[in-house]
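query.tsv follows; it contains TSV, C-alpha atoms.
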```tsv
chain	number	residue	atom	x	y	z
A	1	MET	CA	40.90	-16.91	4.04
A	2	GLY	CA	37.45	-18.14	2.94
A	3	PHE	CA	34.48	-15.91	2.22
A	4	LEU	CA	32.62	-16.97	5.37
A	5	ASP	CA	35.75	-16.31	7.44
A	6	TRP	CA	35.99	-12.86	5.88
A	7	ILE	CA	32.34	-12.16	6.76
A	8	SER	CA	32.97	-13.42	10.30
A	9	GLY	CA	35.92	-11.09	10.63
A	10	LEU	CA	33.80	-8.10	9.69
A	11	PHE	CA	31.24	-8.69	12.45
A	12	GLY	CA	33.64	-10.00	15.09
A	13	SER	CA	33.87	-13.39	16.72
A	14	LYS	CA	31.08	-12.82	19.25
A	15	ASN	CA	28.63	-11.23	16.82
A	16	SER	CA	29.33	-13.37	13.76
A	17	ILE	CA	26.65	-14.09	11.19
A	18	THR	CA	26.66	-16.86	8.63
A	19	LEU	CA	25.84	-16.31	4.97
A	20	THR	CA	22.84	-18.64	5.27
A	21	GLU	CA	21.35	-16.59	8.11
A	22	PHE	CA	21.91	-13.39	6.16
A	23	GLN	CA	20.13	-14.76	3.11
A	24	ARG	CA	17.24	-16.02	5.24
A	25	LEU	CA	16.73	-12.62	6.90
A	26	ALA	CA	16.91	-10.84	3.54
A	27	THR	CA	14.31	-13.18	2.08
A	28	SER	CA	11.90	-12.81	5.01
A	29	ALA	CA	11.95	-9.00	4.57
A	30	TYR	CA	9.80	-9.47	1.48
A	31	TYR	CA	6.80	-10.20	3.71
A	32	LYS	CA	7.04	-6.72	5.17
A	33	ARG	CA	7.59	-5.27	1.72
A	34	LEU	CA	4.51	-7.07	0.42
A	35	ALA	CA	2.30	-5.57	3.14
A	36	ILE	CA	3.68	-2.05	2.65
A	37	GLU	CA	3.47	-2.09	-1.14
A	38	THR	CA	-0.09	-3.45	-0.98
A	39	CYS	CA	-1.09	-0.56	1.30
A	40	ILE	CA	0.58	1.97	-0.99
A	41	ASP	CA	-1.13	0.59	-4.09
A	42	LEU	CA	-4.52	0.49	-2.35
A	43	ILE	CA	-4.23	4.11	-1.18
A	44	ALA	CA	-2.83	5.39	-4.49
A	45	ASN	CA	-5.39	3.53	-6.61
A	46	THR	CA	-8.20	5.01	-4.51
A	47	LEU	CA	-6.82	8.56	-4.72
A	48	THR	CA	-6.53	8.35	-8.50
A	49	ARG	CA	-10.33	8.07	-8.61
A	50	CYS	CA	-10.63	11.47	-6.90
A	51	GLU	CA	-11.35	14.48	-9.09
A	52	PHE	CA	-9.43	17.71	-8.55
A	53	GLN	CA	-12.18	20.29	-8.98
A	54	THR	CA	-11.28	23.94	-9.60
A	55	PHE	CA	-13.60	26.82	-8.72
A	56	GLU	CA	-13.60	30.48	-9.64
A	57	ARG	CA	-15.79	32.68	-7.45
A	58	GLY	CA	-17.84	29.67	-6.41
A	59	LYS	CA	-18.41	28.41	-9.94
A	60	GLU	CA	-16.76	25.19	-11.07
A	61	ILE	CA	-14.54	25.69	-14.10
A	62	ARG	CA	-12.12	23.57	-16.11
A	63	GLY	CA	-8.97	25.50	-16.92
A	64	GLU	CA	-5.20	25.02	-16.88
A	65	ASN	CA	-5.06	23.83	-13.27
A	66	TYR	CA	-7.82	21.30	-13.88
A	67	PHE	CA	-5.95	19.79	-16.84
A	68	LEU	CA	-2.67	19.88	-14.90
A	69	LEU	CA	-4.02	17.91	-11.94
A	70	ASN	CA	-6.49	15.57	-13.61
A	71	VAL	CA	-4.80	14.73	-16.91
A	72	GLN	CA	-1.11	15.63	-17.31
A	73	PRO	CA	1.00	17.14	-14.50
A	74	ASN	CA	4.10	17.03	-16.72
A	75	GLN	CA	5.14	15.80	-20.14
A	76	ASN	CA	6.45	12.48	-18.75
A	77	GLN	CA	3.59	11.45	-16.45
A	78	ASN	CA	-0.17	11.27	-16.50
A	79	SER	CA	-2.17	12.12	-13.40
A	80	SER	CA	-2.41	8.49	-12.20
A	81	GLU	CA	1.35	7.95	-12.40
A	82	PHE	CA	1.91	11.27	-10.64
A	83	ILE	CA	-0.42	10.36	-7.74
A	84	HIS	CA	1.22	6.93	-7.39
A	85	SER	CA	4.67	8.52	-7.16
A	86	LEU	CA	3.45	11.14	-4.69
A	87	VAL	CA	1.78	8.59	-2.40
A	88	ASN	CA	4.77	6.24	-2.57
A	89	ARG	CA	7.21	8.94	-1.44
A	90	LEU	CA	4.77	10.32	1.10
A	91	ILE	CA	4.42	6.93	2.82
A	92	MET	CA	7.97	5.59	2.43
A	93	GLN	CA	9.73	8.86	3.30
A	94	ASN	CA	6.95	10.59	5.27
A	95	GLU	CA	7.37	13.65	3.04
A	96	CYS	CA	7.23	14.66	-0.60
A	97	LEU	CA	8.41	17.76	-2.46
A	98	VAL	CA	6.77	18.93	-5.70
A	99	ILE	CA	8.21	21.80	-7.73
A	100	MET	CA	6.77	23.68	-10.70
A	101	GLN	CA	8.91	24.33	-13.75
A	102	ASN	CA	7.58	25.72	-17.03
A	103	ASP	CA	4.00	25.42	-15.71
A	104	GLN	CA	4.43	21.69	-15.02
A	105	LEU	CA	4.63	19.72	-11.77
A	106	TYR	CA	7.58	17.47	-10.93
A	107	ILE	CA	8.18	15.26	-7.88
A	108	ALA	CA	11.66	15.70	-6.42
A	109	ASP	CA	13.83	12.67	-5.69
A	110	GLY	CA	16.01	14.48	-3.15
A	111	TRP	CA	16.45	17.86	-1.49
A	112	VAL	CA	17.87	19.67	1.52
A	113	LYS	CA	15.32	21.53	3.62
A	114	ASN	CA	16.42	24.61	5.56
A	115	GLU	CA	13.87	25.33	8.28
A	116	PHE	CA	13.36	28.56	10.18
A	117	ALA	CA	11.03	29.52	13.00
A	118	LEU	CA	9.99	33.03	11.99
A	119	LYS	CA	10.80	33.27	8.29
A	120	GLU	CA	10.17	31.34	5.11
A	121	ASN	CA	11.84	27.96	4.68
A	122	TYR	CA	13.85	27.25	1.56
A	123	TYR	CA	15.09	24.17	-0.28
A	124	THR	CA	18.47	23.54	-1.91
A	125	GLN	CA	20.05	20.73	-3.94
A	126	VAL	CA	16.67	19.75	-5.32
A	127	GLN	CA	17.16	16.67	-7.48
A	128	ILE	CA	14.93	15.15	-10.16
A	129	GLY	CA	16.48	12.06	-11.70
A	130	ASP	CA	20.03	12.94	-12.72
A	131	LEU	CA	19.32	16.68	-12.70
A	132	THR	CA	20.24	18.74	-9.63
A	133	PHE	CA	18.99	22.34	-9.53
A	134	GLN	CA	21.45	24.98	-8.39
A	135	LYS	CA	18.72	27.51	-7.58
A	136	VAL	CA	17.11	28.03	-4.18
A	137	PHE	CA	13.39	27.20	-3.93
A	138	ARG	CA	11.40	29.22	-1.42
A	139	GLU	CA	8.59	27.63	0.55
A	140	SER	CA	6.03	29.64	-1.38
A	141	GLU	CA	7.43	28.30	-4.68
A	142	VAL	CA	7.04	24.59	-3.92
A	143	LEU	CA	4.44	22.10	-2.73
A	144	TYR	CA	5.70	20.32	0.38
A	145	PHE	CA	3.68	17.46	1.85
A	146	LYS	CA	4.38	15.84	5.22
A	147	LEU	CA	2.28	12.85	6.28
A	148	ASN	CA	3.02	12.66	10.03
A	149	ASP	CA	5.14	14.51	12.55
A	150	ARG	CA	7.09	11.26	12.99
A	151	ASN	CA	7.89	8.75	10.29
A	152	ILE	CA	5.72	5.67	10.88
A	153	MET	CA	8.06	3.62	8.66
A	154	GLU	CA	10.71	3.79	11.39
A	155	VAL	CA	8.27	2.11	13.77
A	156	ILE	CA	7.41	-0.58	11.20
A	157	ASN	CA	11.08	-1.27	10.46
A	158	GLY	CA	11.88	-1.50	14.17
A	159	LEU	CA	8.97	-3.87	14.76
A	160	TYR	CA	10.03	-6.08	11.86
A	161	GLU	CA	13.54	-6.51	13.21
A	162	ASP	CA	12.01	-8.89	15.75
A	163	TYR	CA	9.27	-10.35	13.56
A	164	GLY	CA	11.67	-10.99	10.69
A	165	LYS	CA	13.75	-13.15	12.99
A	166	LEU	CA	10.64	-14.98	14.21
A	167	ILE	CA	9.51	-15.72	10.64
A	168	SER	CA	12.97	-16.92	9.63
A	169	SER	CA	13.14	-19.11	12.72
A	170	ALA	CA	9.67	-20.54	12.08
A	171	ILE	CA	10.56	-21.41	8.47
A	172	GLY	CA	13.78	-23.12	9.57
A	173	TYR	CA	11.99	-25.02	12.34
A	174	TYR	CA	9.28	-26.17	9.90
A	175	LYS	CA	11.88	-27.43	7.46
A	176	ARG	CA	13.78	-29.29	10.16
A	177	LYS	CA	10.66	-30.88	11.57
A	178	ASN	CA	9.52	-32.11	8.16
A	179	ASN	CA	12.92	-33.31	7.02
A	180	LYS	CA	13.51	-37.05	6.56
A	181	ARG	CA	15.77	-38.73	9.11
A	182	ILE	CA	16.86	-42.33	8.58
A	183	LEU	CA	18.65	-44.49	11.14
A	184	ILE	CA	20.82	-47.20	9.53
A	185	LYS	CA	21.68	-50.18	11.69
A	186	GLY	CA	24.28	-52.72	10.67
A	187	ASP	CA	27.79	-54.10	11.01
A	188	PHE	CA	30.14	-51.29	9.98
A	189	LEU	CA	33.32	-53.02	11.24
A	190	ARG	CA	34.62	-54.21	7.89
A	191	PRO	CA	37.90	-53.88	5.99
A	192	GLN	CA	38.44	-50.29	4.87
A	193	ASP	CA	39.80	-51.18	1.47
A	194	GLU	CA	39.03	-49.06	-1.55
A	195	GLU	CA	36.61	-51.48	-3.16
A	196	THR	CA	34.55	-51.97	0.01
A	197	GLN	CA	34.44	-48.24	0.70
A	198	LYS	CA	33.28	-47.58	-2.86
A	199	LEU	CA	30.36	-49.94	-2.42
A	200	ILE	CA	29.39	-48.30	0.88
A	201	ASP	CA	29.53	-44.84	-0.69
A	202	GLN	CA	27.38	-46.01	-3.57
A	203	MET	CA	24.73	-47.29	-1.20
A	204	PHE	CA	24.67	-44.24	1.09
A	205	GLU	CA	25.01	-41.54	-1.54
A	206	LYS	CA	23.51	-42.80	-4.76
A	207	GLN	CA	20.64	-44.91	-3.46
A	208	LEU	CA	19.59	-42.61	-0.62
A	209	THR	CA	19.73	-39.57	-2.91
A	210	ASP	CA	17.40	-41.23	-5.41
A	211	TRP	CA	15.22	-42.56	-2.62
A	212	PHE	CA	14.44	-39.06	-1.31
A	213	ASN	CA	14.10	-37.43	-4.72
A	214	ALA	CA	10.42	-36.43	-5.01
A	215	ASP	CA	10.72	-35.79	-8.76
A	216	LYS	CA	11.41	-39.44	-9.60
A	217	PRO	CA	8.20	-41.44	-10.13
A	218	GLY	CA	9.54	-44.72	-8.72
A	219	VAL	CA	12.79	-45.71	-7.05
A	220	GLY	CA	14.00	-49.06	-5.70
A	221	PHE	CA	16.35	-49.42	-2.76
A	222	GLN	CA	18.74	-52.34	-2.43
A	223	LEU	CA	19.32	-52.99	1.24
A	224	GLN	CA	22.29	-55.29	1.76
A	225	LYS	CA	22.27	-58.11	4.25
A	226	GLY	CA	23.13	-57.03	7.77
A	227	TYR	CA	21.60	-53.55	7.44
A	228	GLU	CA	18.33	-52.20	8.80
A	229	LEU	CA	16.63	-48.84	8.04
A	230	GLU	CA	14.46	-47.11	10.62
A	231	ASP	CA	12.50	-43.89	9.92
A	232	MET	CA	13.27	-41.40	12.70
A	233	SER	CA	11.46	-38.42	11.11
A	234	ASP	CA	9.23	-36.32	13.35
A	235	SER	CA	6.42	-36.54	10.79
A	236	LYS	CA	6.50	-40.35	11.15
A	237	SER	CA	6.06	-40.19	14.90
A	238	GLY	CA	3.45	-37.44	14.78
A	239	VAL	CA	5.58	-34.83	16.54
A	240	ALA	CA	5.45	-32.48	13.52
A	241	GLN	CA	1.74	-31.98	14.03
A	242	ASN	CA	2.64	-29.18	16.44
A	243	SER	CA	4.55	-27.33	13.70
A	244	THR	CA	2.77	-26.65	10.42
A	245	SER	CA	2.97	-24.06	7.69
A	246	ARG	CA	0.00	-22.33	9.32
A	247	ASP	CA	2.32	-21.21	12.14
A	248	ILE	CA	4.39	-19.33	9.57
A	249	ALA	CA	1.26	-17.89	7.95
A	250	GLU	CA	0.04	-16.56	11.30
A	251	LEU	CA	3.30	-14.70	11.86
A	252	ILE	CA	3.05	-13.20	8.36
A	253	ASN	CA	-0.57	-12.21	9.12
A	254	ASP	CA	0.68	-10.40	12.21
A	255	VAL	CA	3.03	-8.33	10.05
A	256	ILE	CA	0.19	-7.49	7.64
A	257	ASN	CA	-2.05	-6.50	10.56
A	258	TYR	CA	0.57	-4.18	12.05
A	259	VAL	CA	1.26	-2.47	8.72
A	260	ALA	CA	-2.49	-2.05	8.09
A	261	MET	CA	-2.85	-0.52	11.56
A	262	ALA	CA	-0.02	1.93	10.89
A	263	PHE	CA	-1.59	3.23	7.67
A	264	HIS	CA	-5.22	3.08	8.91
A	265	VAL	CA	-6.14	0.55	6.23
A	266	PRO	CA	-8.78	-2.02	7.31
A	267	ARG	CA	-7.21	-5.47	7.44
A	268	GLY	CA	-10.16	-6.94	5.52
A	269	LEU	CA	-9.49	-4.68	2.52
A	270	LEU	CA	-5.78	-5.41	2.61
A	271	LYS	CA	-6.35	-9.16	2.57
A	272	GLY	CA	-9.17	-9.04	0.03
A	273	ASP	CA	-11.94	-10.20	2.35
A	274	ILE	CA	-15.46	-9.57	1.05
A	275	ALA	CA	-17.22	-9.83	4.42
A	276	ASP	CA	-18.45	-6.41	5.64
A	277	VAL	CA	-16.68	-4.78	2.70
A	278	GLU	CA	-18.95	-1.71	2.84
A	279	LYS	CA	-18.07	-1.04	6.48
A	280	HIS	CA	-14.38	-1.57	5.72
A	281	MET	CA	-14.63	0.86	2.80
A	282	ASP	CA	-16.32	3.53	4.93
A	283	ALA	CA	-13.58	3.27	7.57
A	284	PHE	CA	-10.88	3.30	4.87
A	285	LEU	CA	-12.25	6.48	3.30
A	286	LEU	CA	-12.79	8.23	6.64
A	287	PHE	CA	-9.52	7.47	8.40
A	288	CYS	CA	-7.07	6.97	5.53
A	289	ILE	CA	-8.09	8.50	2.20
A	290	LYS	CA	-9.83	11.72	3.23
A	291	PRO	CA	-7.02	12.93	5.54
A	292	ILE	CA	-4.48	12.47	2.71
A	293	ALA	CA	-6.84	14.13	0.21
A	294	GLU	CA	-7.26	17.09	2.56
A	295	LEU	CA	-3.49	17.29	3.04
A	296	ILE	CA	-3.03	17.55	-0.74
A	297	GLN	CA	-5.96	19.95	-1.10
A	298	ASP	CA	-4.75	22.34	1.62
A	299	GLU	CA	-1.21	22.51	0.24
A	300	PHE	CA	-2.42	23.25	-3.28
A	301	ASN	CA	-4.82	25.93	-2.05
A	302	ARG	CA	-2.28	27.78	0.07
A	303	LYS	CA	0.39	27.76	-2.65
A	304	MET	CA	-1.58	28.10	-5.90
A	305	TYR	CA	-4.11	30.71	-4.71
A	306	THR	CA	-3.84	33.92	-2.71
A	307	LYS	CA	-5.70	34.54	0.51
A	308	GLN	CA	-8.15	36.89	-1.14
A	309	GLU	CA	-8.82	34.47	-4.00
A	310	PHE	CA	-9.61	31.70	-1.53
A	311	LEU	CA	-11.95	33.96	0.46
A	312	ASP	CA	-13.67	34.83	-2.81
A	313	ARG	CA	-14.26	31.08	-3.31
A	314	THR	CA	-11.57	30.63	-5.95
A	315	TYR	CA	-9.90	27.42	-4.86
A	316	LEU	CA	-9.23	23.74	-5.53
A	317	LYS	CA	-11.22	20.86	-4.06
A	318	VAL	CA	-10.37	17.15	-4.03
A	319	ASP	CA	-13.72	15.43	-4.56
A	320	THR	CA	-13.90	12.07	-2.75
A	321	ASN	CA	-17.66	11.62	-3.09
A	322	ASN	CA	-17.47	9.28	-6.08
A	323	LEU	CA	-15.04	6.77	-4.61
A	324	LYS	CA	-17.74	4.29	-3.66
A	325	ILE	CA	-19.50	2.39	-6.41
A	326	VAL	CA	-23.24	2.79	-5.84
A	327	ASP	CA	-25.94	0.74	-7.51
A	328	ILE	CA	-28.23	3.03	-9.52
A	329	THR	CA	-31.29	1.32	-8.04
A	330	GLN	CA	-30.07	2.12	-4.54
A	331	LEU	CA	-29.39	5.72	-5.50
A	332	ALA	CA	-32.72	6.35	-7.20
A	333	THR	CA	-34.82	7.10	-4.11
A	334	ALA	CA	-32.24	9.40	-2.53
A	335	ALA	CA	-31.60	11.22	-5.81
A	336	ASP	CA	-35.32	11.76	-6.31
A	337	LYS	CA	-35.68	13.23	-2.82
A	338	LEU	CA	-32.69	15.54	-3.23
A	339	PHE	CA	-33.99	16.67	-6.61
A	340	ALA	CA	-37.45	17.34	-5.11
A	341	ILE	CA	-36.09	19.74	-2.47
A	342	GLY	CA	-33.75	21.54	-4.87
A	343	GLY	CA	-30.59	19.94	-3.54
A	344	LEU	CA	-29.54	18.57	-6.92
A	345	SER	CA	-30.02	19.58	-10.53
A	346	ILE	CA	-30.36	17.13	-13.43
A	347	ASN	CA	-26.70	17.62	-14.32
A	348	ASP	CA	-25.70	17.01	-10.69
A	349	ILE	CA	-27.44	13.64	-10.79
A	350	LEU	CA	-25.86	12.74	-14.13
A	351	GLU	CA	-22.39	13.51	-12.75
A	352	MET	CA	-23.08	11.34	-9.68
A	353	LEU	CA	-23.86	8.49	-12.08
A	354	GLY	CA	-20.65	9.09	-14.04
A	355	LYS	CA	-22.50	10.48	-17.06
A	356	GLU	CA	-21.65	13.59	-19.05
A	357	PRO	CA	-23.76	16.68	-18.17
A	358	ILE	CA	-26.31	18.08	-20.61
A	359	ASP	CA	-25.26	21.35	-22.24
A	360	GLU	CA	-28.63	23.00	-21.70
A	361	GLU	CA	-29.61	25.77	-19.31
A	362	TRP	CA	-32.64	23.90	-17.96
A	363	ALA	CA	-30.42	20.96	-16.91
A	364	ASN	CA	-28.65	23.20	-14.38
A	365	LYS	CA	-31.83	24.57	-12.83
A	366	ARG	CA	-33.10	23.38	-9.46
A	367	TYR	CA	-36.70	22.47	-8.72
A	368	VAL	CA	-38.81	22.29	-5.57
A	369	THR	CA	-42.10	20.42	-5.29
A	370	LYS	CA	-45.30	22.20	-4.21
A	371	ASN	CA	-45.45	20.19	-1.00
A	372	TYR	CA	-43.02	22.57	0.70
A	373	GLN	CA	-43.62	26.05	2.08
A	374	GLU	CA	-42.00	28.46	4.49
A	375	ALA	CA	-41.95	27.30	8.09
A	376	SER	CA	-43.15	30.72	9.27
A	377	LYS	CA	-46.51	30.22	7.53
A	378	GLY	CA	-47.41	27.55	10.09
A	379	GLY	CA	-49.04	25.23	7.57
A	380	GLU	CA	-51.38	27.90	6.18
A	381	GLY	CA	-52.01	28.08	2.46
A	382	ASP	CA	-51.82	25.46	-0.23
A	383	GLY	CA	-48.18	26.14	-1.08
A	384	LYS	CA	-48.94	27.33	-4.61
A	385	GLU	CA	-46.84	30.44	-4.05
A	386	ASN	CA	-43.90	28.11	-3.44
A	387	GLY	CA	-44.27	26.04	-6.58
A	388	ALA	CA	-41.63	24.98	-9.07
A	389	ALA	CA	-38.72	27.39	-9.28
```

With the file now loaded, output its structure as structure tokens.
Amino acid sequence: MGFLDWISGLFGSKNSITLTEFQRLATSAYYKRLAIETCIDLIANTLTRCEFQTFERGKEIRGENYFLLNVQPNQNQNSSEFIHSLVNRLIMQNECLVIMQNDQLYIADGWVKNEFALKENYYTQVQIGDLTFQKVFRESEVLYFKLNDRNIMEVINGLYEDYGKLISSAIGYYKRKNNKRILIKGDFLRPQDEETQKLIDQMFEKQLTDWFNADKPGVGFQLQKGYELEDMSDSKSGVAQNSTSRDIAELINDVINYVAMAFHVPRGLLKGDIADVEKHMDAFLLFCIKPIAELIQDEFNRKMYTKQEFLDRTYLKVDTNNLKIVDITQLATAADKLFAIGGLSINDILEMLGKEPIDEEWANKRYVTKNYQEASKGGEGDGKENGAA
């Protein structure tokens, strides 16, 4: 029994699939994979620019948690690698489990979640690489992230079952339409002796093979008397104009558009378009990045801090304000106005510009111009009593 017969036997006579069709479908799946991986990289790369700020009683500090989340979560990963792994699992699996061991954070590769309605969940068979923990992890001992109530990847995979077939069919149709077809006319009623048949094979196999070989710079064709060649290709007659590679590209664009829609990533950013990039970036931050940042922030706050600590303003904050690159000349007017009303200190402005703060007390002070006074005064007075503070 041949290999193709064996494959046919597995799927049954009515639902048989050829090896060629299987390979074509497997290859076309890379278009979906390209769109998904591009979305994951775009989201993860943006989140790595966020700063995990830690506060103690309303004052920003840099302690163990700050170093853990911004520099080195564990001895084998830096913060960027950790965020990439977290986002990848969160999108591909719709959930991600992070455990803490020896004051370090590790992303689990597998686990069994035991859910309860009125008591704490717990996790068993937690696996990291080749290591499987035998202990039971309580909900309060882990960081568990869930992106959506339903896994959007199931929808994407279901959609691509149809689109993958369409792309494969379009590629096959394009190849067939652009393939060379030659009609050979002549007297084929001749003696079927070995010598004559050898000459015929030489003409049909050797010469035609060289004739259609695009890598050869120049090839001659010896057409024997009594034969006539006629080009029957669709491209010769103009029929192939209705089927071009752009038809395949449009189907692939549809897949990219659907994946971008699923992850709330603007299609322009995904494809690298520069038109209206600022509007695309605003939508990307609002609908995609900030919800994920808040998901991470809320889980860290409820597991790493107590209720009373949070109410006393001891918490973690994922700062997404510096994700957009702003020209300093565009920022100057706004920064000056915010500084004039006491909204920003000198160090605040330096941090907005990506500079290191000044280690001086006066750099943290806030100032208000003399043009402002209390609203209750009704415009009376010269405002001197409300001068620089």

Minimum-distance residue to Ser80 of chain A, chosen among A:Leu97, A:Leu166, A:Ile36, A:Ile43 (using only C-alpha atoms):
A:Ile43

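When atom CA of Arg49 of chain A is paired with atom CA of Met352 of chain A, their separation reads 13.2 Å.
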
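For the residues A:Leu251, A:Leu316, A:Leu338, A:Met92, ranking by smallest atom-to-atom distance to Asn157 of chain A using all atoms listed in the file places A:Met92 first.
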
Please report, as a Markdown table, each residue of segment 90-185 of chain A lying at most 12 Å from segment 252-263 of chain A, together with the nearest pair of atoms and the separation in Å rounded to one decimal; use all atoms listed in the file, and order rows by chain and ascending residue number.
```
| residue | atom | partner | partner_atom | distance |
| --- | --- | --- | --- | --- |
| A:Leu90 | CA | A:Phe263 | CA | 11.6 |
| A:Ile91 | CA | A:Phe263 | CA | 8.6 |
| A:Met92 | CA | A:Phe263 | CA | 11.2 |
| A:Asn94 | CA | A:Phe263 | CA | 11.5 |
| A:Leu147 | CA | A:Phe263 | CA | 10.5 |
| A:Asn148 | CA | A:Phe263 | CA | 10.8 |
| A:Arg150 | CA | A:Ala262 | CA | 11.9 |
| A:Asn151 | CA | A:Ala262 | CA | 10.5 |
| A:Ile152 | CA | A:Ala262 | CA | 6.9 |
| A:Met153 | CA | A:Ala262 | CA | 8.6 |
| A:Glu154 | CA | A:Ala262 | CA | 10.9 |
| A:Val155 | CA | A:Ala262 | CA | 8.8 |
| A:Ile156 | CA | A:Val259 | CA | 6.9 |
| A:Asn157 | CA | A:Val259 | CA | 10.0 |
| A:Gly158 | CA | A:Tyr258 | CA | 11.8 |
| A:Leu159 | CA | A:Val255 | CA | 8.8 |
| A:Tyr160 | CA | A:Val255 | CA | 7.6 |
| A:Glu161 | CA | A:Val255 | CA | 11.1 |
| A:Asp162 | CA | A:Val255 | CA | 10.7 |
| A:Tyr163 | CA | A:Val255 | CA | 7.4 |
| A:Gly164 | CA | A:Val255 | CA | 9.1 |
| A:Lys165 | CA | A:Ile252 | CA | 11.7 |
| A:Leu166 | CA | A:Ile252 | CA | 9.7 |
| A:Ile167 | CA | A:Ile252 | CA | 7.3 |
| A:Ser168 | CA | A:Ile252 | CA | 10.7 |
| A:Ala170 | CA | A:Ile252 | CA | 10.6 |
| A:Ile171 | CA | A:Ile252 | CA | 11.1 |
```

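A straight line drawn from atom CA of Ala332 of chain A to atom CA of Lys355 of chain A is 14.8 Å long.
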
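Atom CA of His280 of chain A lies 22.5 Å from atom CA of Ala334 of chain A.
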
Between A:Tyr31, A:Leu350, A:Gln373, A:Lys135, single out the one closest to Ile248 of chain A, counting only C-alpha atoms.
A:Tyr31

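Using all atoms listed in the file, the protein and nucleic acid residues lying no more than 8 Å from segment 286-302 of chain A, apart from those fewer than 2 places from it along its own chain, are A:Ile43, A:Thr46, A:Leu47, A:Leu143, A:Tyr144, A:Phe145, A:Leu147, A:Phe263, A:His264, A:Val265, A:Asp282, A:Ala283, A:Phe284, A:Met304, A:Tyr305, A:Thr306, A:Lys307, A:Phe310, A:Tyr315, A:Leu316, A:Lys317, A:Val318, A:Thr320.
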
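With all atoms listed in the file as the basis for measurement, A:Glu141 is the residue among A:Asp130, A:Glu120, A:Glu356, A:Glu141 that approaches Ile99 of chain A most closely.
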
Which one is closest to Gln75 of chain A: A:Phe137, A:Tyr367, A:Tyr106, A:Phe52? Count all atoms listed in the file.
A:Tyr106

Taking all listed atoms of segment 256-263 of chain A, build the axis-aligned box, pad each of the six sides by 6 Å, then write its centre and edge lengths in Å to one decimal as JSON.
```
{"center_x": -0.8, "center_y": -2.1, "center_z": 9.8, "size_x": 16.1, "size_y": 22.7, "size_z": 16.4}
```

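Using all atoms listed in the file, the nearest neighbour of Asn65 of chain A within the list A:Ile341, A:Val136, A:Leu105, A:Ile349 is A:Leu105.
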
For Glu139 of chain A, please output as a ChimeraX atom specification all residues within 6 Å (counting all atoms listed in the file; exclusion window: fewer than 2 positions along the same chain).
/A:121-122,141-142

Output the selection as a PDB file, keeping the file's coordinate frame - C-alpha atoms for each residue.
```pdb
ATOM      1  CA  ASN A 121      11.840  27.960   4.680  1.00  0.00           C
ATOM      2  CA  TYR A 122      13.850  27.250   1.560  1.00  0.00           C
ATOM      3  CA  GLU A 141       7.430  28.300  -4.680  1.00  0.00           C
ATOM      4  CA  VAL A 142       7.040  24.590  -3.920  1.00  0.00           C
TER       5      VAL A 142
END
```
